Amino acid sequence: MATEGIEAVFLETRNWGKTAKFFQALGFELELSAGDGSGVFRNGEGPYFVVVEIPEDREPGVQIALKVPDADGFRPDPAVEVVTPFEETHYGTREMTVRDPDGRIWSLQAPR
């Protein structure tokens, strides 16, 4: 079983308000706001964006999550280095992390 494209993009920002307006100006709708400088944006059926405000002294990062239809049925090729196996998250998915040949960490997400 293979991944099915991009599920989500996790984006850190130093200014929640400006970033929210930026994505809304590009046609994304705020689907969920936690009221604490974080929220979920969606534009149609494509990947969703999770935006989280971070302190000024941190460098903003980005993480891409790839979609896996069934965590129990997913068996990565031996060429894929598994960093953490699938674990349940507090936001309703199961998540695995893998490392690419250049050392970047990728998230794989599956439904519970």
# chains A, B, ... in the order shown; residues from 1 in each chain; ligands from 1
$ residues_around --residues "Gly39 of chain A" --least-positions-apart "2" --cutoff "10 Å" --atoms "only C-alpha atoms" --output "short mmCIF file (atom, residue, chain, number, x, y, z; two decimals) with C-alpha atoms, in the first residue's frame"
data_model
loop_
_atom_site.label_atom_id
_atom_site.label_comp_id
_atom_site.auth_asym_id
_atom_site.auth_seq_id
_atom_site.Cartn_x
_atom_site.Cartn_y
_atom_site.Cartn_z
CA TRP A 16 -1.66 34.47 13.38
CA ALA A 20 -5.06 33.97 8.55
CA LEU A 30 -11.16 29.05 8.29
CA GLU A 31 -12.70 25.69 9.15
CA LEU A 32 -11.72 25.56 12.82
CA SER A 33 -10.16 28.05 15.20
CA ALA A 34 -8.95 27.08 18.64
CA GLY A 35 -8.89 30.72 19.74
CA ASP A 36 -5.28 30.40 20.85
CA GLY A 37 -3.48 31.49 17.69
CA PHE A 41 -7.89 26.27 6.77
CA PHE A 49 -3.50 23.83 6.46
CA VAL A 50 -2.96 23.82 10.21
CA VAL A 51 -1.54 27.20 11.22
CA VAL A 52 -0.04 27.72 14.68
CA GLU A 53 1.40 30.93 16.11
#
$ select_by_dssp --residues "chain A" --states "helix (DSSP H, G or I)" --output "PyMOL selection string"
chain A and resi 16-25
$ write_last_selection --atoms "N, CA, C and O atoms" --output "PDB file, in the first residue's frame"
ATOM      1  N   TRP A  16      -0.458  35.204  13.753  1.00  0.00           N
ATOM      2  CA  TRP A  16      -1.661  34.465  13.379  1.00  0.00           C
ATOM      3  C   TRP A  16      -2.611  35.312  12.537  1.00  0.00           C
ATOM      4  O   TRP A  16      -3.097  34.873  11.505  1.00  0.00           O
ATOM      5  N   GLY A  17      -2.886  36.523  12.967  1.00  0.00           N
ATOM      6  CA  GLY A  17      -3.857  37.369  12.267  1.00  0.00           C
ATOM      7  C   GLY A  17      -3.478  37.641  10.822  1.00  0.00           C
ATOM      8  O   GLY A  17      -4.305  37.510   9.918  1.00  0.00           O
ATOM      9  N   LYS A  18      -2.235  38.025  10.583  1.00  0.00           N
ATOM     10  CA  LYS A  18      -1.785  38.303   9.212  1.00  0.00           C
ATOM     11  C   LYS A  18      -1.785  37.040   8.360  1.00  0.00           C
ATOM     12  O   LYS A  18      -2.155  37.067   7.186  1.00  0.00           O
ATOM     13  N   THR A  19      -1.373  35.939   8.955  1.00  0.00           N
ATOM     14  CA  THR A  19      -1.336  34.686   8.203  1.00  0.00           C
ATOM     15  C   THR A  19      -2.745  34.209   7.868  1.00  0.00           C
ATOM     16  O   THR A  19      -3.007  33.741   6.760  1.00  0.00           O
ATOM     17  N   ALA A  20      -3.670  34.347   8.809  1.00  0.00           N
ATOM     18  CA  ALA A  20      -5.065  33.971   8.550  1.00  0.00           C
ATOM     19  C   ALA A  20      -5.632  34.806   7.408  1.00  0.00           C
ATOM     20  O   ALA A  20      -6.258  34.269   6.483  1.00  0.00           O
ATOM     21  N   LYS A  21      -5.399  36.104   7.422  1.00  0.00           N
ATOM     22  CA  LYS A  21      -5.883  36.974   6.344  1.00  0.00           C
ATOM     23  C   LYS A  21      -5.246  36.608   5.007  1.00  0.00           C
ATOM     24  O   LYS A  21      -5.899  36.652   3.962  1.00  0.00           O
ATOM     25  N   PHE A  22      -3.961  36.257   5.025  1.00  0.00           N
ATOM     26  CA  PHE A  22      -3.260  35.862   3.811  1.00  0.00           C
ATOM     27  C   PHE A  22      -3.935  34.654   3.161  1.00  0.00           C
ATOM     28  O   PHE A  22      -4.261  34.665   1.974  1.00  0.00           O
ATOM     29  N   PHE A  23      -4.176  33.586   3.938  1.00  0.00           N
ATOM     30  CA  PHE A  23      -4.793  32.392   3.371  1.00  0.00           C
ATOM     31  C   PHE A  23      -6.239  32.634   2.959  1.00  0.00           C
ATOM     32  O   PHE A  23      -6.697  32.111   1.945  1.00  0.00           O
ATOM     33  N   GLN A  24      -6.966  33.441   3.719  1.00  0.00           N
ATOM     34  CA  GLN A  24      -8.341  33.764   3.336  1.00  0.00           C
ATOM     35  C   GLN A  24      -8.355  34.562   2.036  1.00  0.00           C
ATOM     36  O   GLN A  24      -9.222  34.356   1.188  1.00  0.00           O
ATOM     37  N   ALA A  25      -7.380  35.438   1.830  1.00  0.00           N
ATOM     38  CA  ALA A  25      -7.292  36.203   0.586  1.00  0.00           C
ATOM     39  C   ALA A  25      -6.992  35.304  -0.612  1.00  0.00           C
ATOM     40  O   ALA A  25      -7.313  35.648  -1.753  1.00  0.00           O
TER      41      ALA A  25
END
$ residues_around --residues "Val68 of chain A" --least-positions-apart "3" --cutoff "7 Å" --atoms "only C-alpha atoms" --output "ChimeraX atom specification"
/A:3-4,71,108-110
$ select_by_dssp --residues "chain A" --states "strand (DSSP E)" --output "PyMOL selection string"
chain A and resi 6-13+29-33+38-42+48-53+62-67+81-88+93-99+105-111
$ write_last_selection --atoms "N, CA and C atoms" --output "compact mmCIF listing (two decimals), in the first residue's frame"
# COMPACT_ATOMS: atom_id res chain seq x y z
N ILE A 6 -0.78 14.42 -0.61
CA ILE A 6 -0.63 15.30 0.56
C ILE A 6 -1.95 15.39 1.31
N GLU A 7 -1.90 15.13 2.60
CA GLU A 7 -3.07 15.22 3.47
C GLU A 7 -3.18 16.62 4.08
N ALA A 8 -2.04 17.14 4.58
CA ALA A 8 -2.08 18.41 5.30
C ALA A 8 -0.71 19.08 5.28
N VAL A 9 -0.74 20.38 5.54
CA VAL A 9 0.47 21.16 5.72
C VAL A 9 0.37 21.84 7.08
N PHE A 10 1.36 21.63 7.92
CA PHE A 10 1.41 22.24 9.25
C PHE A 10 2.38 23.41 9.15
N LEU A 11 1.88 24.61 9.43
CA LEU A 11 2.63 25.84 9.23
C LEU A 11 2.72 26.63 10.52
N GLU A 12 3.94 26.99 10.90
CA GLU A 12 4.13 27.85 12.07
C GLU A 12 4.26 29.30 11.59
N THR A 13 3.71 30.23 12.37
CA THR A 13 3.75 31.64 12.02
C THR A 13 4.04 32.48 13.26
N GLU A 29 -10.83 28.86 3.52
CA GLU A 29 -11.80 29.18 4.57
C GLU A 29 -11.29 28.67 5.90
N LEU A 30 -11.50 29.48 6.94
CA LEU A 30 -11.16 29.05 8.29
C LEU A 30 -12.20 28.04 8.72
N GLU A 31 -11.79 26.78 8.83
CA GLU A 31 -12.70 25.69 9.15
C GLU A 31 -12.83 25.50 10.66
N LEU A 32 -11.74 25.77 11.38
CA LEU A 32 -11.72 25.56 12.82
C LEU A 32 -10.70 26.50 13.42
N SER A 33 -11.09 27.20 14.48
CA SER A 33 -10.16 28.05 15.20
C SER A 33 -10.21 27.68 16.67
N SER A 38 -4.25 29.43 16.69
CA SER A 38 -4.12 28.28 15.80
C SER A 38 -5.46 28.01 15.12
N GLY A 39 -5.40 27.37 13.98
CA GLY A 39 -6.61 27.05 13.26
C GLY A 39 -6.35 26.20 12.05
N VAL A 40 -7.45 25.73 11.45
CA VAL A 40 -7.39 24.87 10.28
C VAL A 40 -8.06 25.59 9.12
N PHE A 41 -7.37 25.64 7.99
CA PHE A 41 -7.89 26.27 6.77
C PHE A 41 -8.05 25.20 5.70
N ARG A 42 -9.09 25.36 4.88
CA ARG A 42 -9.33 24.42 3.80
C ARG A 42 -9.81 25.18 2.57
N TYR A 48 -5.48 20.28 3.80
CA TYR A 48 -5.82 21.36 4.72
C TYR A 48 -4.54 21.94 5.31
N PHE A 49 -4.62 23.16 5.81
CA PHE A 49 -3.50 23.83 6.46
C PHE A 49 -3.81 23.96 7.94
N VAL A 50 -2.88 23.56 8.77
CA VAL A 50 -2.96 23.82 10.21
C VAL A 50 -1.94 24.91 10.47
N VAL A 51 -2.41 26.05 10.96
CA VAL A 51 -1.54 27.20 11.22
C VAL A 51 -1.48 27.43 12.72
N VAL A 52 -0.26 27.55 13.24
CA VAL A 52 -0.04 27.72 14.68
C VAL A 52 0.92 28.88 14.90
N GLU A 53 0.52 29.81 15.76
CA GLU A 53 1.40 30.93 16.11
C GLU A 53 2.46 30.47 17.10
N VAL A 62 7.70 24.40 8.71
CA VAL A 62 6.59 23.82 7.96
C VAL A 62 6.78 22.30 7.93
N GLN A 63 5.68 21.57 8.03
CA GLN A 63 5.71 20.11 7.98
C GLN A 63 4.61 19.66 7.03
N ILE A 64 4.93 18.76 6.13
CA ILE A 64 3.95 18.22 5.20
C ILE A 64 3.57 16.82 5.66
N ALA A 65 2.27 16.55 5.69
CA ALA A 65 1.78 15.22 6.06
C ALA A 65 1.23 14.52 4.82
N LEU A 66 1.69 13.31 4.58
CA LEU A 66 1.20 12.50 3.47
C LEU A 66 0.06 11.61 3.94
N LYS A 67 -0.89 11.36 3.06
CA LYS A 67 -2.09 10.61 3.40
C LYS A 67 -1.86 9.10 3.25
N GLU A 81 13.10 4.88 6.06
CA GLU A 81 13.48 4.81 7.47
C GLU A 81 12.32 5.29 8.35
N VAL A 82 11.78 4.41 9.14
CA VAL A 82 10.70 4.77 10.06
C VAL A 82 11.33 5.35 11.32
N VAL A 83 10.92 6.57 11.69
CA VAL A 83 11.41 7.22 12.90
C VAL A 83 10.50 6.85 14.06
N THR A 84 9.18 7.00 13.87
CA THR A 84 8.20 6.59 14.88
C THR A 84 7.08 5.84 14.17
N PRO A 85 6.63 4.72 14.72
CA PRO A 85 5.52 3.98 14.12
C PRO A 85 4.21 4.74 14.33
N PHE A 86 3.14 4.26 13.72
CA PHE A 86 1.84 4.92 13.87
C PHE A 86 1.44 5.00 15.34
N GLU A 87 1.03 6.19 15.74
CA GLU A 87 0.52 6.46 17.09
C GLU A 87 -0.73 7.32 16.95
N GLU A 88 -1.65 7.19 17.89
CA GLU A 88 -2.85 8.02 17.88
C GLU A 88 -2.48 9.44 18.31
N THR A 93 -6.29 11.49 14.43
CA THR A 93 -5.68 10.69 13.38
C THR A 93 -4.66 9.73 14.00
N ARG A 94 -4.06 8.91 13.16
CA ARG A 94 -2.90 8.12 13.55
C ARG A 94 -1.74 8.67 12.72
N GLU A 95 -0.57 8.79 13.33
CA GLU A 95 0.55 9.44 12.65
C GLU A 95 1.83 8.63 12.81
N MET A 96 2.58 8.54 11.71
CA MET A 96 3.89 7.89 11.67
C MET A 96 4.86 8.93 11.13
N THR A 97 6.12 8.90 11.56
CA THR A 97 7.11 9.78 10.96
C THR A 97 8.21 8.94 10.33
N VAL A 98 8.70 9.43 9.19
CA VAL A 98 9.77 8.79 8.44
C VAL A 98 10.81 9.84 8.09
N ARG A 99 12.03 9.37 7.78
CA ARG A 99 13.12 10.28 7.42
C ARG A 99 13.51 10.02 5.97
N ILE A 105 12.24 15.07 8.16
CA ILE A 105 11.20 14.23 8.76
C ILE A 105 9.88 14.50 8.05
N TRP A 106 9.21 13.43 7.67
CA TRP A 106 7.90 13.51 7.03
C TRP A 106 6.88 12.82 7.93
N SER A 107 5.67 13.36 7.93
CA SER A 107 4.57 12.80 8.68
C SER A 107 3.67 12.02 7.73
N LEU A 108 3.23 10.85 8.14
CA LEU A 108 2.24 10.07 7.41
C LEU A 108 1.01 10.00 8.29
N GLN A 109 -0.16 10.40 7.75
CA GLN A 109 -1.38 10.42 8.55
C GLN A 109 -2.40 9.46 8.00
N ALA A 110 -3.07 8.78 8.93
CA ALA A 110 -4.15 7.85 8.58
C ALA A 110 -5.32 8.13 9.52
N PRO A 111 -6.53 7.80 9.07
CA PRO A 111 -7.68 7.93 9.97
C PRO A 111 -7.57 6.93 11.10
$ closest_residue --among "A:Gly73, A:Arg14, A:Tyr91, A:Ala79" --to "Asp57 of chain A" --atoms "only C-alpha atoms"
A:Arg14
